[in-house]
>>> print(open('model.pdb').read())   # PDB, C-alpha atoms (C1' of nucleotides)
ATOM      1  CA  MET C   1       7.236   1.924 -22.070
ATOM      2  CA  LYS C   2       8.868  -1.391 -21.270
ATOM      3  CA  MET C   3       5.878  -3.560 -20.578
ATOM      4  CA  HIS C   4       7.265  -7.062 -20.481
ATOM      5  CA  ASN C   5       5.228  -8.698 -17.757
ATOM      6  CA  PRO C   6       7.925  -8.304 -15.139
ATOM      7  CA  PRO C   7       8.425 -11.220 -12.741
ATOM      8  CA  HIS C   8       7.193 -10.535  -9.251
ATOM      9  CA  PRO C   9       9.999  -9.636  -6.854
ATOM     10  CA  GLY C  10       9.519 -12.858  -4.906
ATOM     11  CA  GLU C  11      10.621 -14.815  -7.918
ATOM     12  CA  ILE C  12      13.771 -12.754  -8.141
ATOM     13  CA  LEU C  13      14.378 -13.146  -4.440
ATOM     14  CA  ARG C  14      14.155 -16.898  -4.703
ATOM     15  CA  GLU C  15      16.240 -17.294  -7.836
ATOM     16  CA  LEU C  16      18.903 -14.697  -7.187
ATOM     17  CA  CYS C  17      19.297 -14.753  -3.436
ATOM     18  CA  ILE C  18      17.948 -17.868  -1.816
ATOM     19  CA  GLU C  19      18.678 -20.671  -4.256
ATOM     20  CA  PRO C  20      22.234 -19.584  -5.160
ATOM     21  CA  LEU C  21      23.170 -19.569  -1.479
ATOM     22  CA  GLY C  22      21.502 -22.911  -0.828
ATOM     23  CA  LEU C  23      19.367 -21.475   1.933
ATOM     24  CA  SER C  24      16.058 -22.824   3.204
ATOM     25  CA  ILE C  25      12.967 -20.680   3.577
ATOM     26  CA  THR C  26      12.994 -21.333   7.292
ATOM     27  CA  GLU C  27      16.472 -19.984   7.866
ATOM     28  CA  VAL C  28      15.945 -17.003   5.590
ATOM     29  CA  ALA C  29      12.708 -16.131   7.396
ATOM     30  CA  GLU C  30      14.448 -16.345  10.751
ATOM     31  CA  ALA C  31      17.299 -14.178   9.570
ATOM     32  CA  LEU C  32      14.880 -11.589   8.236
ATOM     33  CA  GLY C  33      12.960 -11.578  11.506
ATOM     34  CA  ILE C  34       9.657 -12.577   9.885
ATOM     35  CA  THR C  35       7.599 -15.761   9.827
ATOM     36  CA  ARG C  36       7.963 -18.548   7.315
ATOM     37  CA  LYS C  37       4.508 -17.760   6.070
ATOM     38  CA  THR C  38       5.260 -14.141   5.334
ATOM     39  CA  LEU C  39       8.307 -15.114   3.325
ATOM     40  CA  SER C  40       6.380 -17.833   1.545
ATOM     41  CA  SER C  41       3.704 -15.327   0.533
ATOM     42  CA  ILE C  42       6.310 -13.082  -0.999
ATOM     43  CA  LEU C  43       8.069 -15.891  -2.828
ATOM     44  CA  ASN C  44       4.824 -17.033  -4.393
ATOM     45  CA  GLY C  45       3.669 -13.592  -5.412
ATOM     46  CA  ARG C  46       0.792 -13.396  -2.968
ATOM     47  CA  SER C  47       2.364 -10.519  -1.077
ATOM     48  CA  GLY C  48       4.399  -7.634  -2.315
ATOM     49  CA  ILE C  49       7.567  -6.243  -0.819
ATOM     50  CA  SER C  50       6.710  -3.526   1.675
ATOM     51  CA  PRO C  51       9.129  -0.664   2.347
ATOM     52  CA  GLU C  52      10.128  -2.229   5.644
ATOM     53  CA  MET C  53      10.669  -5.594   3.971
ATOM     54  CA  ALA C  54      12.893  -3.911   1.413
ATOM     55  CA  VAL C  55      15.083  -2.674   4.244
ATOM     56  CA  ARG C  56      15.146  -6.135   5.804
ATOM     57  CA  LEU C  57      16.242  -7.689   2.521
ATOM     58  CA  SER C  58      18.849  -5.001   2.200
ATOM     59  CA  LEU C  59      20.241  -5.858   5.617
ATOM     60  CA  ALA C  60      20.234  -9.619   5.070
ATOM     61  CA  PHE C  61      21.627  -9.750   1.551
ATOM     62  CA  GLY C  62      23.734  -6.617   1.419
ATOM     63  CA  THR C  63      21.764  -5.134  -1.439
ATOM     64  CA  SER C  64      20.063  -1.764  -1.707
ATOM     65  CA  SER C  65      16.574  -1.358  -0.286
ATOM     66  CA  GLU C  66      15.815   0.937  -3.190
ATOM     67  CA  SER C  67      16.313  -1.806  -5.750
ATOM     68  CA  TRP C  68      13.888  -4.102  -3.966
ATOM     69  CA  LEU C  69      11.213  -1.501  -3.621
ATOM     70  CA  ASN C  70      11.648  -0.344  -7.198
ATOM     71  CA  GLN C  71      11.157  -3.858  -8.442
ATOM     72  CA  GLN C  72       7.919  -3.999  -6.503
ATOM     73  CA  SER C  73       6.820  -0.638  -7.880
ATOM     74  CA  GLN C  74       7.483  -1.713 -11.433
ATOM     75  CA  TYR C  75       5.472  -4.853 -10.866
ATOM     76  CA  ASP C  76       2.548  -2.970  -9.313
ATOM     77  CA  LEU C  77       2.651  -0.382 -12.036
ATOM     78  CA  TRP C  78       2.571  -3.005 -14.743
ATOM     79  CA  ALA C  79      -0.650  -4.336 -13.214
ATOM     80  CA  ALA C  80      -2.135  -0.851 -12.928
ATOM     81  CA  GLU C  81      -1.207   0.093 -16.486
ATOM     82  CA  LYS C  82      -3.245  -2.804 -17.826
ATOM     83  CA  LYS C  83      -6.351  -0.925 -16.684
ATOM     84  CA  ARG C  84      -5.292   2.406 -18.121
ATOM     85  CA  LYS C  85      -7.912   2.307 -20.826
ATOM     86  CA  GLU C  86     -10.699   1.692 -18.338
ATOM     87  CA  LEU C  87      -9.969   4.823 -16.316
ATOM     88  CA  LYS C  88     -12.188   7.790 -17.019
ATOM     89  CA  VAL C  89      -9.734  10.648 -16.740
ATOM     90  CA  LYS C  90      -9.823  13.945 -18.607
ATOM     91  CA  LYS C  91      -6.685  15.594 -19.816
ATOM     92  CA  LEU C  92      -5.919  18.825 -17.977
ATOM     93  CA  SER C  93      -4.475  22.057 -19.264
ATOM     94  CA  ALA C  94      -4.342  25.617 -18.034
ATOM     95  CA  ALA C  95      -7.693  26.952 -16.901
TER      96      ALA C  95
ATOM     97  CA  MET H   1      22.270   7.187   0.247
ATOM     98  CA  LYS H   2      20.509  10.434  -0.541
ATOM     99  CA  MET H   3      18.483  10.944   2.576
ATOM    100  CA  HIS H   4      17.179  14.457   2.254
ATOM    101  CA  ASN H   5      13.685  14.177   3.678
ATOM    102  CA  PRO H   6      11.985  14.091   0.293
ATOM    103  CA  PRO H   7       8.763  16.082  -0.044
ATOM    104  CA  HIS H   8       5.668  13.938  -0.245
ATOM    105  CA  PRO H   9       4.387  13.545  -3.793
ATOM    106  CA  GLY H  10       1.255  15.531  -3.004
ATOM    107  CA  GLU H  11       3.363  18.593  -2.457
ATOM    108  CA  ILE H  12       4.956  18.132  -5.849
ATOM    109  CA  LEU H  13       1.592  17.560  -7.438
ATOM    110  CA  ARG H  14       0.287  20.812  -6.040
ATOM    111  CA  GLU H  15       3.292  22.938  -6.824
ATOM    112  CA  LEU H  16       4.244  21.564 -10.202
ATOM    113  CA  CYS H  17       0.917  20.597 -11.719
ATOM    114  CA  ILE H  18      -2.044  22.263 -10.088
ATOM    115  CA  GLU H  19      -0.852  25.739  -9.144
ATOM    116  CA  PRO H  20       1.032  26.464 -12.389
ATOM    117  CA  LEU H  21      -2.088  25.677 -14.396
ATOM    118  CA  GLY H  22      -4.322  27.738 -12.121
ATOM    119  CA  LEU H  23      -6.607  24.786 -11.460
ATOM    120  CA  SER H  24      -8.853  24.295  -8.457
ATOM    121  CA  ILE H  25      -8.843  21.110  -6.406
ATOM    122  CA  THR H  26     -12.441  20.535  -7.354
ATOM    123  CA  GLU H  27     -11.819  20.552 -11.077
ATOM    124  CA  VAL H  28      -8.681  18.445 -10.801
ATOM    125  CA  ALA H  29     -10.506  15.859  -8.706
ATOM    126  CA  GLU H  30     -13.302  15.711 -11.252
ATOM    127  CA  ALA H  31     -10.875  15.323 -14.126
ATOM    128  CA  LEU H  32      -9.034  12.534 -12.320
ATOM    129  CA  GLY H  33     -12.313  10.772 -11.625
ATOM    130  CA  ILE H  34     -11.817  10.815  -7.850
ATOM    131  CA  THR H  35     -13.415  12.732  -4.989
ATOM    132  CA  ARG H  36     -12.185  16.014  -3.575
ATOM    133  CA  LYS H  37     -11.457  14.198  -0.349
ATOM    134  CA  THR H  38      -9.160  11.712  -1.989
ATOM    135  CA  LEU H  39      -7.234  14.421  -3.786
ATOM    136  CA  SER H  40      -7.117  16.515  -0.631
ATOM    137  CA  SER H  41      -5.645  13.577   1.294
ATOM    138  CA  ILE H  42      -2.902  13.205  -1.271
ATOM    139  CA  LEU H  43      -2.106  16.916  -1.434
ATOM    140  CA  ASN H  44      -1.757  17.101   2.333
ATOM    141  CA  GLY H  45       0.334  13.975   2.653
ATOM    142  CA  ARG H  46      -2.253  11.884   4.436
ATOM    143  CA  SER H  47      -2.521   9.415   1.566
ATOM    144  CA  GLY H  48       0.113   8.160  -0.769
ATOM    145  CA  ILE H  49      -0.063   7.786  -4.513
ATOM    146  CA  SER H  50      -1.342   4.327  -5.376
ATOM    147  CA  PRO H  51      -0.353   2.637  -8.644
ATOM    148  CA  GLU H  52      -3.762   3.369 -10.103
ATOM    149  CA  MET H  53      -3.523   6.994  -9.016
ATOM    150  CA  ALA H  54      -0.165   7.225 -10.742
ATOM    151  CA  VAL H  55      -1.830   6.151 -13.977
ATOM    152  CA  ARG H  56      -4.617   8.683 -13.469
ATOM    153  CA  LEU H  57      -2.094  11.484 -12.956
ATOM    154  CA  SER H  58      -0.275  10.295 -16.014
ATOM    155  CA  LEU H  59      -3.443  10.530 -18.091
ATOM    156  CA  ALA H  60      -4.473  13.930 -16.770
ATOM    157  CA  PHE H  61      -1.128  15.700 -16.887
ATOM    158  CA  GLY H  62       0.636  13.873 -19.698
ATOM    159  CA  THR H  63       3.462  12.713 -17.470
ATOM    160  CA  SER H  64       4.764   9.203 -16.857
ATOM    161  CA  SER H  65       3.038   7.022 -14.287
ATOM    162  CA  GLU H  66       6.440   5.639 -13.392
ATOM    163  CA  SER H  67       7.737   8.993 -12.197
ATOM    164  CA  TRP H  68       4.763   9.454  -9.874
ATOM    165  CA  LEU H  69       5.031   6.023  -8.363
ATOM    166  CA  ASN H  70       8.782   6.292  -7.987
ATOM    167  CA  GLN H  71       8.382   9.522  -6.073
ATOM    168  CA  GLN H  72       6.013   7.739  -3.737
ATOM    169  CA  SER H  73       8.407   4.819  -3.337
ATOM    170  CA  GLN H  74      11.280   7.100  -2.477
ATOM    171  CA  TYR H  75       9.138   8.820   0.092
ATOM    172  CA  ASP H  76       7.986   5.540   1.661
ATOM    173  CA  LEU H  77      11.510   4.196   1.642
ATOM    174  CA  TRP H  78      12.846   7.257   3.357
ATOM    175  CA  ALA H  79      10.371   6.627   6.178
ATOM    176  CA  ALA H  80      11.272   2.936   6.354
ATOM    177  CA  GLU H  81      15.007   3.592   6.346
ATOM    178  CA  LYS H  82      14.688   5.666   9.489
ATOM    179  CA  LYS H  83      13.876   2.443  11.343
ATOM    180  CA  ARG H  84      16.688   0.426   9.792
ATOM    181  CA  LYS H  85      18.638   0.289  13.008
ATOM    182  CA  GLU H  86      15.670  -1.075  14.939
ATOM    183  CA  LEU H  87      15.237  -4.112  12.700
ATOM    184  CA  LYS H  88      16.686  -7.333  13.991
ATOM    185  CA  VAL H  89      17.981  -8.919  10.799
ATOM    186  CA  LYS H  90      20.960 -11.211  10.435
ATOM    187  CA  LYS H  91      23.250 -11.039   7.453
ATOM    188  CA  LEU H  92      23.007 -14.088   5.198
ATOM    189  CA  SER H  93      25.693 -15.940   3.297
ATOM    190  CA  ALA H  94      26.048 -19.353   1.699
ATOM    191  CA  ALA H  95      24.938 -22.222   3.925
TER     192      ALA H  95
ATOM    193  C1'  DC D   1       7.272 -46.358  12.022
ATOM    194  C1'  DA D   2       8.261 -42.092  14.570
ATOM    195  C1'  DA D   3      10.224 -37.581  14.898
ATOM    196  C1'  DA D   4      11.808 -33.485  13.017
ATOM    197  C1'  DG D   5      11.924 -30.083   9.535
ATOM    198  C1'  DT D   6       9.770 -27.682   5.575
ATOM    199  C1'  DG D   7       6.270 -25.453   2.577
ATOM    200  C1'  DT D   8       1.837 -23.704   2.392
ATOM    201  C1'  DA D   9      -3.210 -22.842   3.243
ATOM    202  C1'  DA D  10      -6.938 -20.898   6.654
ATOM    203  C1'  DC D  11      -8.102 -17.735   9.720
ATOM    204  C1'  DT D  12      -7.467 -13.297  12.207
ATOM    205  C1'  DT D  13      -5.861  -8.583  12.912
ATOM    206  C1'  DA D  14      -4.125  -4.067  11.555
ATOM    207  C1'  DT D  15      -3.487  -0.604   8.338
ATOM    208  C1'  DA D  16      -4.572   2.077   4.302
ATOM    209  C1'  DA D  17      -6.979   3.780   0.044
ATOM    210  C1'  DC D  18     -11.246   5.338  -1.427
ATOM    211  C1'  DG D  19     -16.044   6.710  -1.362
ATOM    212  C1'  DT D  20     -20.275   9.064   0.761
ATOM    213  C1'  DT D  21     -22.073  12.483   3.518
ATOM    214  C1'  DA D  22     -21.877  16.443   6.217
ATOM    215  C1'  DC D  23     -20.056  20.540   8.314
ATOM    216  C1'  DA D  24     -17.099  24.805   9.079
ATOM    217  C1'  DG D  25     -14.318  28.588   7.343
ATOM    218  C1'  DG D  26     -12.926  31.391   3.555
ATOM    219  C1'  DT D  27     -13.379  33.776  -1.158
ATOM    220  C1'  DT D  28     -15.582  36.057  -4.645
ATOM    221  C1'  DA D  29     -19.669  38.056  -6.948
ATOM    222  C1'  DC D  30     -23.847  40.385  -7.100
TER     223       DC D  30
ATOM    224  C1'  DG S   1     -24.574  41.401   3.201
ATOM    225  C1'  DT S   2     -26.124  37.569   1.103
ATOM    226  C1'  DA S   3     -25.467  33.956  -2.169
ATOM    227  C1'  DA S   4     -22.462  30.876  -4.495
ATOM    228  C1'  DC S   5     -18.385  28.481  -4.681
ATOM    229  C1'  DC S   6     -13.928  26.479  -3.015
ATOM    230  C1'  DT S   7     -11.368  24.144   0.479
ATOM    231  C1'  DG S   8     -10.345  21.303   4.408
ATOM    232  C1'  DT S   9     -11.758  17.927   7.544
ATOM    233  C1'  DA S  10     -14.403  14.530  10.300
ATOM    234  C1'  DA S  11     -17.223  10.189  10.796
ATOM    235  C1'  DC S  12     -18.550   6.129   8.762
ATOM    236  C1'  DG S  13     -18.302   2.026   5.756
ATOM    237  C1'  DT S  14     -16.058  -0.878   2.086
ATOM    238  C1'  DT S  15     -12.355  -3.163   0.188
ATOM    239  C1'  DA S  16      -7.598  -4.697  -0.188
ATOM    240  C1'  DT S  17      -3.272  -6.143   1.670
ATOM    241  C1'  DA S  18       0.663  -7.080   4.953
ATOM    242  C1'  DA S  19       1.669  -9.743   8.746
ATOM    243  C1'  DG S  20       1.111 -13.053  12.575
ATOM    244  C1'  DT S  21      -0.883 -17.490  14.629
ATOM    245  C1'  DT S  22      -2.276 -21.920  13.966
ATOM    246  C1'  DA S  23      -2.651 -26.124  11.630
ATOM    247  C1'  DC S  24      -2.033 -29.477   7.946
ATOM    248  C1'  DA S  25       0.472 -32.259   4.275
ATOM    249  C1'  DC S  26       4.779 -33.753   2.565
ATOM    250  C1'  DT S  27       9.223 -34.953   2.970
ATOM    251  C1'  DT S  28      13.622 -36.663   5.149
ATOM    252  C1'  DT S  29      16.072 -38.900   8.787
ATOM    253  C1'  DG S  30      16.889 -41.839  12.857
TER     254       DG S  30
END
>>> encode(input="model.pdb", output="structure tokens")
Amino acid sequence: MKMHNPPHPGEILRELCIEPLGLSITEVAEALGITRKTLSSILNGRSGISPEMAVRLSLAFGTSSESWLNQQSQYDLWAAEKKRKELKVKKLSAA
Amino acid sequence: MKMHNPPHPGEILRELCIEPLGLSITEVAEALGITRKTLSSILNGRSGISPEMAVRLSLAFGTSSESWLNQQSQYDLWAAEKKRKELKVKKLSAA
DNA sequence: CAAAGTGTAACTTATAACGTTACAGGTTAC
DNA sequence: GTAACCTGTAACGTTATAAGTTACACTTTG
């Protein structure tokens, strides 16, 4: 019930992890073991954070993989909830 | 840190929502607005619960979409965490 | 200016969710 | 036992997305 247009996780990654440490995208991508492009896509909200990427972020930044993946879930769910009214679903109860 | 081989969400869906209400897969699929095949894939763990599916389940069973998607995330993360040691990621700190 | 590094866009590939159709096995009802 | 229904699954196509490879534009530095 907290629909506040959550920022995409890439934004959080950039502002809370990369910028504070003064790191470049190139060195972060290398540390994560992914390409610059893949990281760029995440930072700009064109890609989401996959479960494996959540573990990579966890390893690189010492955070929990769960928190990264949950942020992604909340973001995806916010997008899906916007279409709630368009879904033709019938309420179910005991047969 | 709670790695207990979580059940896939389809199992929970079957045991907590479908069986207690005495519903058939056919009628649940129709109510959700999806095909029997799609529901069958979820129940047997061959497909995950997408964000939109979480909203559909929420509408049909009166639960929260968040809880469904979180269950899926935990399940996906459990699978990803098993490969944590194989990932070549370097720890990052200030430049 | 030239060279190196950085960010990003195109293009390609792989995987996954979902639908359509069809088939096989199992219940239940008449 | 035959008909009707439920369930699972397989083959196929569509669409979406994560990720890599390549290439281009914009710095910054020598």
>>> residues_around(input="model.pdb", residues="Lys88 (chain C)", least_positions_apart="4", cutoff="9 Å", atoms="all atoms listed in the file", output="PDB file with C-alpha atoms, in the frame of the given file")
ATOM      1  CA  ARG C  84      -5.292   2.406 -18.121  1.00  0.00           C
TER       2      ARG C  84
ATOM      3  CA  ALA H  31     -10.875  15.323 -14.126  1.00  0.00           C
ATOM      4  CA  LEU H  32      -9.034  12.534 -12.320  1.00  0.00           C
ATOM      5  CA  GLY H  33     -12.313  10.772 -11.625  1.00  0.00           C
ATOM      6  CA  ARG H  56      -4.617   8.683 -13.469  1.00  0.00           C
TER       7      ARG H  56
END
>>> residues_around(input="model.pdb", residues="Thr38 (chain C)", least_positions_apart="3", cutoff="12 Å", atoms="only C-alpha atoms (C1' of nucleotides)", output="PyMOL selection string")
(chain C and resi 10+25-26+28-30+32-35+41-50+53) or (chain D and resi 7-8) or (chain S and resi 18-21)
>>> write_last_selection(input="model.pdb", atoms="C-alpha atoms (C1' of nucleotides)", output="PDB file, keeping the file's coordinate frame")
ATOM      1  CA  GLY C  10       9.519 -12.858  -4.906  1.00  0.00           C
ATOM      2  CA  ILE C  25      12.967 -20.680   3.577  1.00  0.00           C
ATOM      3  CA  THR C  26      12.994 -21.333   7.292  1.00  0.00           C
ATOM      4  CA  VAL C  28      15.945 -17.003   5.590  1.00  0.00           C
ATOM      5  CA  ALA C  29      12.708 -16.131   7.396  1.00  0.00           C
ATOM      6  CA  GLU C  30      14.448 -16.345  10.751  1.00  0.00           C
ATOM      7  CA  LEU C  32      14.880 -11.589   8.236  1.00  0.00           C
ATOM      8  CA  GLY C  33      12.960 -11.578  11.506  1.00  0.00           C
ATOM      9  CA  ILE C  34       9.657 -12.577   9.885  1.00  0.00           C
ATOM     10  CA  THR C  35       7.599 -15.761   9.827  1.00  0.00           C
ATOM     11  CA  SER C  41       3.704 -15.327   0.533  1.00  0.00           C
ATOM     12  CA  ILE C  42       6.310 -13.082  -0.999  1.00  0.00           C
ATOM     13  CA  LEU C  43       8.069 -15.891  -2.828  1.00  0.00           C
ATOM     14  CA  ASN C  44       4.824 -17.033  -4.393  1.00  0.00           C
ATOM     15  CA  GLY C  45       3.669 -13.592  -5.412  1.00  0.00           C
ATOM     16  CA  ARG C  46       0.792 -13.396  -2.968  1.00  0.00           C
ATOM     17  CA  SER C  47       2.364 -10.519  -1.077  1.00  0.00           C
ATOM     18  CA  GLY C  48       4.399  -7.634  -2.315  1.00  0.00           C
ATOM     19  CA  ILE C  49       7.567  -6.243  -0.819  1.00  0.00           C
ATOM     20  CA  SER C  50       6.710  -3.526   1.675  1.00  0.00           C
ATOM     21  CA  MET C  53      10.669  -5.594   3.971  1.00  0.00           C
TER      22      MET C  53
ATOM     23  C1'  DG D   7       6.270 -25.453   2.577  1.00  0.00           C
ATOM     24  C1'  DT D   8       1.837 -23.704   2.392  1.00  0.00           C
TER      25       DT D   8
ATOM     26  C1'  DA S  18       0.663  -7.080   4.953  1.00  0.00           C
ATOM     27  C1'  DA S  19       1.669  -9.743   8.746  1.00  0.00           C
ATOM     28  C1'  DG S  20       1.111 -13.053  12.575  1.00  0.00           C
ATOM     29  C1'  DT S  21      -0.883 -17.490  14.629  1.00  0.00           C
TER      30       DT S  21
END
>>> closest_residue(input="model.pdb", among="S:DA11, S:DC26, S:DA16, S:DC5", to="chain C", atoms="only C-alpha atoms (C1' of nucleotides)")
S:DA16
>>> interface_residues(input="model.pdb", of="chain D", to="chain H", cutoff="8 Å", atoms="only C-alpha atoms (C1' of nucleotides)", output="CSV table (one decimal) with C-alpha atoms (C1' of nucleotides), keeping the file's coordinate frame")
chain,number,residue,atom,x,y,z
D,17,DA,C1',-7.0,3.8,0.0
D,18,DC,C1',-11.2,5.3,-1.4
D,19,DG,C1',-16.0,6.7,-1.4
>>> atom_distance(input="model.pdb", atom1="CA of Lys90 (chain H)", atom2="CA of Ala60 (chain C)")
5.6 Å
